[in-house]
Structure formats: C-alpha cells, structure tokens
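J.: Take this structure first; my questions come after.
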Amino acid sequence: MSVTDAVSVFAEGTFEEQILELVNYLALSLPEDQRPNYVQPFQDVLTTQEGQKPIEKDEERRRKALTLVLGEVKGLGEGSEREIEGFFNLLLSHFLTLLPLDAPETKEQLATLLQTVASADAPSSIKYRILSNIFNATPRKSGLRLPVHRALIELASANDELDHLAVSVSEVEKWLSEWDVSVDEKTSFLKTLFDVYTKSGDLDTSYLYQLSYVRSIPPSSPSAESAAGELIATALRSPTTFDFDPLFRLDAVVAAKNHELFPLLQIFLNDGLSQYQDWESGHADVISKYNLDKTQLERKIRLLSLATLGFQNVGRDLPYSAVASAIQVEESQVERWVIDGNIFISFYAQFTLLKLTFLVTAIRAGLITSKISQTTRTLHIIRATARAFERDQWEALEKRLVAWKTGLSSVLEVVVAAKKRNVPEAPAATPVTVTPTGIEASTPQPQETVA
C-alpha cells in the first residue's frame with residue numbers, strides 16, 4: 001500500500017466549491033432533470049445567511065455539509081477510475097480535517113464508508129486504491145487505521161488475493177504497537193488475520209499470526225486456555241514446525257499447563273522418542289481429538305532427537321550406531337533418516353581417494369548440517385540447532401568458544417613462528433663517525449708503517 005499513486009482531482013477552490021464538486025459528482029448517477037433538486041439542500045447549507053459567520057469560519061456548518069455528503073455516498077459513482085479516486089481523496093481530506101478522529105460517531109461513519117467501498121460493484125483494483133489511500137492518509141498512530149486495514153484484508157481474502165497486500169507479520173505487529181486501540185481490538189484483529197490466512201491455505205503465515213494472537217491474549221482471559229491449546233495443536237500438526245521454544249515464551253501457553261496437550265509439548269521441547277511413545281500409548285483419544293497424525297509426530301520427534309544429538313556433538317564424528325540408538329532405527333536406516341528427501345533437500349557428493357563423503361544440509365527443517373562418511377560409517381556434525389536455549393546450551397556454547405579461541409591462538413603462534421623463520425638476517429652494520437655536519441659512513445683509514 002503506497003501513497004505515491006494517490007490521485008487528487010478536486011484540489012483547488014474554496015470549501016463551498018469543493019463540496020459542490022463532490023455533490024455534482026454524486027448527482028451524475030441521476031437523470032439530468034433531477035440533479036438541480038438533488039444539489040439544492042447542499043447549497044442551502046453552504047449559503048451564508050444574514051447574521052451567520054462565513055462558512056470558512058463556521059466549523060459546525062462545514063461539518064454539517066460534510067455529514068450530508070457522507071450520507072449520500074452509496075457507491076463509487078459513475079466517473080472514471082481517476083475521477084472515483086479523486087472524489088474519495090477529497091472526501092477523505094475533509095473527513096480527517098473536520099471530524100474528531102477519536103469520536104465514536106467518526107468510527108461509525110468510517111465503517112459505513114469502508115463497507116460502501118468494499119461492497120461496490122466495481123473492479124477490485126480501484127477498491128484497493130481507495131482503501132489504501134484512506135489507510136495512508138489516516139494519521140499513523142490513529143486507531144482508525146485498524147478498521148481500514150481490516151477492510152483491506154477482508155477484500156483481499158474474498159478475492160483470494162492476500163499476496164497483493166505485501167504486508168509482513170512484523171509490519172502488522174509494529175502498526176498495532178503504534179495504533180491507539182484497545183487490547184481487545186488488537187486481539188480481535190490478529191484473530192481475523194489468523195483466520196483469513198488459514199482459510200487461504202498459507203499455513204506458515206497463519207501460524208505466525210496465531211503466535212501473535214495468543215501472545216496478545218491476557219492469561220486471565222476466559223479464551224486464553226483454549227487459544228493456547230489450539231496453538232499447541234497447530235504446532236504439533238505442522239510438518240515444518242520444529243521450534244517449540246517460542247510457545248513457552250507465551251504467557252497464555254505457560255498458564256495452560258493443565259491442558260491435555262501441554263505434556264506432549266514439553267516432550268517435543270526437551271525429550272526424545274521413548275518419552276513420546278510412553279505418552280502416545282496412553283493418549284490415543286487426545287491424538288484423535290486434536291486431529292494429530294501419529295506418523296508425523298513420530299517422524300518429528302525422531303528428527304528433533306537427531307538435532308539434540310547433533311548439538312551435543314558439534315565438531316565431532318558420530319558413529320552410525322550412536323545415531324541409530326538415539327532415534328531407535330536400524331543402522332542401515334541411518335542414512336535414510338539423515339538424507340531424508342522431505343527434510344534434507346540439498347546435498348552433493350565429493351569423491352576423494354578410497355572414500356565417498358556426502359555433505360548434507362538441513363535446509364527446510366534447519367536442524368542439522370553434517371558430513372556422512374560411508375567408509376567409516378560416521379556422521380561429522382558441522383552445525384546443529386538447539387531445541388531450547390537455556391543454561392545448558394549457554395554452557396555448551398561457552399565451551400566451544402573457549403576451544404575455538406584456544407585453537408585460533410595456536411594457529412596464530414604457528415604463523416608468528418613461521419614469519420620469524422622466514423625473515424632474512426640483517427647485514428653487518430657499517431661503522432659510522434660523527435662529523436660536524438652529521439652522521440657519515442666511515443671510510444677505512446690508511447695504516448701508518450714504521451720503517
């Protein structure tokens with residue numbers, strides 16, 4: 001949504017002339033012989049009677065004239081797209097100037113105007129432009145921006161064009177922090193965004209808005225536990241969600257510790273396959289209730305267990321047997337789990353003498369980067385993702401940094417020693433003598449001989 005394309009057609013003239021321009025535009029939809037009678041009430045309001053202040057100095061009369069115009073806006077009108085956009089730009093200019101933006105009546109009038117634009121029988125492109133112009137013209141911190149953006153979202157959702165808005169989750173969160181709106185309004189708006197993106201099938205964006213939505217709910221709210229439970233279920237159902245730590249940073253989720261899915265969430269954050277299997281064996285009804293896929297859950301917990309093992313062994317070689325034990329598979333299946341086409345989608349083979357090495361990168365899941373040596377049947381861990389980053393992870397990171405520092409110091413010592421060995425010896429110094437004019441190189445003096 002950009003203001004650079006805004007078109008202003010009715011930009012000149014007095015207030016009276018501009019209002020009459022708006023009225024005459026609205027009258028275009030009427031037969032020509034009916035237009036004078038349509039315009040007359042507006043002229044009456046604009047005409048300064050004896051004893052009245054000029055309308056330019058009478059804010060109440062200007063507000064009354066604008067309100068009459070707003071009441072007659074039933075659609076986009078009969079003009080070209082340029083004229084339509086210019087009409088609404090001028091109307092909006094007076095709307096934002098004359099009406100108190102924080103008054104309930106102003107919000108109601110704006111809501112009516114937004115509904116008129118969104119429901120008009122016109123191309124969606126012009127409706128997007130009008131709504132975007134309204135959004136951009138509204139003061140940055142005004143709460144009126146929220147219903148305008150909601151109208152844009154609903155219009156885009158109805159036309160399956162959410163990608164046209166090109167608005168990120170972080171931008172929306174920044175706007176909400178600026179707008180003068182209540183907590184309930186913010187929560188309701190985020191719920192709308194979560195719903196429309198879920199409906200569109202964009203589950204990744206939907207999940208991000210769901211996180212924001214649950215974050216906005218006070219833990220004491222009656223809806224907090226059910227919203228937190230649905231968020232946990234969404235994260236567990238998603239084939240691409242492996243980071244469960246952000247959920248434990250949400251007050252509503254932490255407060256929902258008695259929810260039946262909370263123990264399962266803890267397993268996916270901290271534990272392994274054995275703990276999951278113990279939980280699953282006694283909670284078949286919960287899995288069915290929340291539409292969870294047991295095969296998907298088992299696959300995710302195996303990959304998370306592999307990530308944990310990798311994080312504990314960054315820079316080391318892991319034998320196939322250790323990997324197989326951690327994820328409870330046969331050694332012959334280790335490579336299939338590491339080079340999993342659904343998770344690891346980029347790898348190349350590097351041939352060297354007498355051995356074959358695969359460099360495997362966890363691109364989609366972002367869990368682990370490693371080298372597989374088929375000759376030594378080992379997995380060399382290059383990088384791995386921590387499932388949570390708390391005291392134990394900080395301590396492990398500290399140990400690695402100390403080891404890297406020590407290694408770099410050793411390398412520096414070798415480099416310095418090599419430089420010293422390669423510096424040529426300086427030639428012998430030539431004797432010098434001090435003369436009245438400075439320092440000069442001495443010249444050999446003839447020796448005297450005694451006869």
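The way I read the labels, and the way they are meant: chains A, B, ... in the order of the structure tokens, residue 1 as the first residue of every chain, and ligand 1 as the first ligand shown, with later ones counted on from there.
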Which neighbours of Leu96 of chain A fall inside 10 Å, counting only C-alpha atoms, when residues of the same chain fewer than 4 positions from it are skipped, and could you give them as a PyMOL selection string?

T.: chain A and resi 91-92+100-101+106+134+137-139

J.: Let me see the file: selected residues, N, CA and C atoms, as a PDB file, in the first residue's frame.

T.:
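New file out.pdb:
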ATOM      1  N   LEU A  91     -12.971  13.769  -0.408  1.00  0.00           N
ATOM      2  CA  LEU A  91     -13.898  13.460   0.679  1.00  0.00           C
ATOM      3  C   LEU A  91     -13.129  13.110   1.947  1.00  0.00           C
ATOM      4  N   LEU A  92     -12.091  12.286   1.794  1.00  0.00           N
ATOM      5  CA  LEU A  92     -11.295  11.862   2.944  1.00  0.00           C
ATOM      6  C   LEU A  92     -10.548  13.043   3.560  1.00  0.00           C
ATOM      7  N   PRO A 100     -13.726  14.757  14.601  1.00  0.00           N
ATOM      8  CA  PRO A 100     -12.819  14.315  15.677  1.00  0.00           C
ATOM      9  C   PRO A 100     -12.518  12.816  15.517  1.00  0.00           C
ATOM     10  N   LEU A 101     -11.254  12.480  15.320  1.00  0.00           N
ATOM     11  CA  LEU A 101     -10.889  11.113  14.955  1.00  0.00           C
ATOM     12  C   LEU A 101     -11.142  10.098  16.062  1.00  0.00           C
ATOM     13  N   THR A 106     -17.399   9.210  14.535  1.00  0.00           N
ATOM     14  CA  THR A 106     -16.453   9.191  13.414  1.00  0.00           C
ATOM     15  C   THR A 106     -16.141   7.754  13.004  1.00  0.00           C
ATOM     16  N   ILE A 134      -6.991   5.698   1.872  1.00  0.00           N
ATOM     17  CA  ILE A 134      -7.563   6.023   3.187  1.00  0.00           C
ATOM     18  C   ILE A 134      -6.596   5.626   4.296  1.00  0.00           C
ATOM     19  N   ALA A 137      -3.531   7.990   4.323  1.00  0.00           N
ATOM     20  CA  ALA A 137      -3.845   9.373   4.686  1.00  0.00           C
ATOM     21  C   ALA A 137      -4.196   9.513   6.165  1.00  0.00           C
ATOM     22  N   THR A 138      -4.650   8.430   6.781  1.00  0.00           N
ATOM     23  CA  THR A 138      -5.016   8.466   8.202  1.00  0.00           C
ATOM     24  C   THR A 138      -3.758   8.620   9.054  1.00  0.00           C
ATOM     25  N   PRO A 139      -3.760   9.470  10.062  1.00  0.00           N
ATOM     26  CA  PRO A 139      -2.576   9.649  10.918  1.00  0.00           C
ATOM     27  C   PRO A 139      -2.012   8.319  11.399  1.00  0.00           C
TER      28      PRO A 139
END

J.: Pick out the residues sitting within 9 Å of Gly315 of chain A, and hand them over as a PDB file with C-alpha atoms, in the first residue's frame; count only C-alpha atoms, and ignore anything fewer than 4 positions along from it in its own chain.

T.:
ATOM      1  CA  HIS A 380      30.565 -35.486  11.275  1.00  0.00           C
ATOM      2  CA  ILE A 381      28.442 -32.714  12.796  1.00  0.00           C
ATOM      3  CA  ILE A 382      29.112 -29.258  11.346  1.00  0.00           C
ATOM      4  CA  ARG A 383      26.132 -27.386  12.767  1.00  0.00           C
TER       5      ARG A 383
END

J.: At what distance in Å, to one decimal, does atom CA of Ser288 of chain A lie from atom CA of Pro219 of chain A?

T.: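 Calculated distance between atom CA of Pro219 of chain A and atom CA of Ser288 of chain A is 26.8 Å.
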
J.: With DSSP run on the backbone, what are the alpha helix (DSSP H) residues within segment 205-311 of chain A? I'd like them as a ChimeraX atom specification.

T.: /A:205-216,224-237,251-255,262-270,273-281,284-289,294-311

J.: Do you know which residues are at most 9 Å from Asn291 of chain A counting only C-alpha atoms, after dropping those on the same chain fewer than 4 positions away, and could you put them as a PyMOL selection string?

T.: chain A and resi 233+237+286-287

J.: Could you save the residues just selected, with all heavy atoms, as a PDB file, in the first residue's frame?

T.:
ATOM      1  N   ALA A 233      -1.686 -27.461  19.312  1.00  0.00           N
ATOM      2  CA  ALA A 233      -2.103 -28.470  18.331  1.00  0.00           C
ATOM      3  C   ALA A 233      -1.619 -28.099  16.933  1.00  0.00           C
ATOM      4  O   ALA A 233      -1.170 -28.955  16.164  1.00  0.00           O
ATOM      5  CB  ALA A 233      -3.620 -28.614  18.346  1.00  0.00           C
ATOM      6  N   ARG A 237       0.827 -30.327  14.655  1.00  0.00           N
ATOM      7  CA  ARG A 237       0.344 -30.834  13.362  1.00  0.00           C
ATOM      8  C   ARG A 237       1.227 -30.416  12.194  1.00  0.00           C
ATOM      9  O   ARG A 237       1.331 -31.131  11.204  1.00  0.00           O
ATOM     10  CB  ARG A 237      -1.086 -30.337  13.103  1.00  0.00           C
ATOM     11  CG  ARG A 237      -2.171 -31.086  13.824  1.00  0.00           C
ATOM     12  CD  ARG A 237      -3.537 -30.746  13.255  1.00  0.00           C
ATOM     13  NE  ARG A 237      -3.877 -29.338  13.452  1.00  0.00           N
ATOM     14  CZ  ARG A 237      -4.645 -28.886  14.426  1.00  0.00           C
ATOM     15  NH1 ARG A 237      -5.145 -29.733  15.315  1.00  0.00           N
ATOM     16  NH2 ARG A 237      -4.903 -27.602  14.539  1.00  0.00           N
ATOM     17  N   VAL A 286      -6.658 -38.330  22.864  1.00  0.00           N
ATOM     18  CA  VAL A 286      -6.215 -36.944  22.694  1.00  0.00           C
ATOM     19  C   VAL A 286      -5.698 -36.729  21.270  1.00  0.00           C
ATOM     20  O   VAL A 286      -5.981 -35.699  20.641  1.00  0.00           O
ATOM     21  CB  VAL A 286      -5.125 -36.599  23.724  1.00  0.00           C
ATOM     22  CG1 VAL A 286      -4.605 -35.177  23.505  1.00  0.00           C
ATOM     23  CG2 VAL A 286      -5.657 -36.743  25.139  1.00  0.00           C
ATOM     24  N   ILE A 287      -4.961 -37.700  20.763  1.00  0.00           N
ATOM     25  CA  ILE A 287      -4.441 -37.598  19.393  1.00  0.00           C
ATOM     26  C   ILE A 287      -5.593 -37.490  18.402  1.00  0.00           C
ATOM     27  O   ILE A 287      -5.570 -36.668  17.473  1.00  0.00           O
ATOM     28  CB  ILE A 287      -3.551 -38.816  19.077  1.00  0.00           C
ATOM     29  CG1 ILE A 287      -2.264 -38.729  19.887  1.00  0.00           C
ATOM     30  CG2 ILE A 287      -3.252 -38.901  17.582  1.00  0.00           C
ATOM     31  CD1 ILE A 287      -1.342 -39.910  19.720  1.00  0.00           C
TER      32      ILE A 287
END

J.: Please report the interatomic distance between atom CA of Ser221 of chain A and atom CA of Leu208 of chain A in Å with one decimal.

T.: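 These atoms are spaced 20.8 Å apart.
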
J.: Mind pulling up the distance from atom CA of Leu68 of chain A to atom CA of Trp179 of chain A?

T.: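 Answer for the atom CA of Trp179 of chain A to atom CA of Leu68 of chain A separation: 28.9 Å.
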
J.: Would you mind listing what lies within 8 Å of segment 247-252 of chain A as a VMD selection string, with only C-alpha atoms counted and same-chain residues fewer than 6 positions away left out?

T.: chain A and resid 211 214 to 215 217 to 219 224 to 225 228 232

J.: So that I can check the surroundings of Glu185 of chain A, please list as a ChimeraX atom specification every protein, DNA and RNA residue that reaches within 12 Å of it, counting only C-alpha atoms and ignoring chain neighbours fewer than 2 positions away.

T.: /A:143-147,150,176-177,179-183,187-192,213,216-217

J.: In terms of the shortest atom-to-atom distance over only C-alpha atoms, which of A:Ala227, A:Val411, A:Glu178, A:Lys294 is closest to Arg140 of chain A?

T.: A:Glu178

J.: Kindly indicate which residue among A:Glu78, A:Phe15, A:Lys107, A:Leu26 lies nearest to Glu56 of chain A, using only C-alpha atoms for the distances.

T.: A:Phe15

J.: Using only C-alpha atoms, which protein or nucleic acid residues come within 8 Å of Arg387 of chain A? Drop anything in the same chain fewer than 6 positions from it, and give the result as a list in words.

T.: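 Once the adjacent positions are removed, what remains is Phe242, Asp243, Phe244, Asp245, Leu269, Asn270, Leu304, Ala307 and Thr308 of chain A.
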
J.: Under the rule that only C-alpha atoms are counted, which of A:Glu280, A:Glu72, A:Glu21, A:Glu330 is the nearest residue to Asp293 of chain A?

T.: A:Glu280

J.: Give me the residues near Leu46 of chain A as a PyMOL selection string, where near means some atom within 9 Å (using only C-alpha atoms) and where sequence neighbours in that chain fewer than 5 positions away do not count.

T.: chain A and resi 15-16+19-20+41+55+61-62+65

J.: Between A:Ser409, A:Gln312, A:Ser332, A:Gln266, single out the one closest to Ala386 of chain A, counting only C-alpha atoms.

T.: A:Gln312
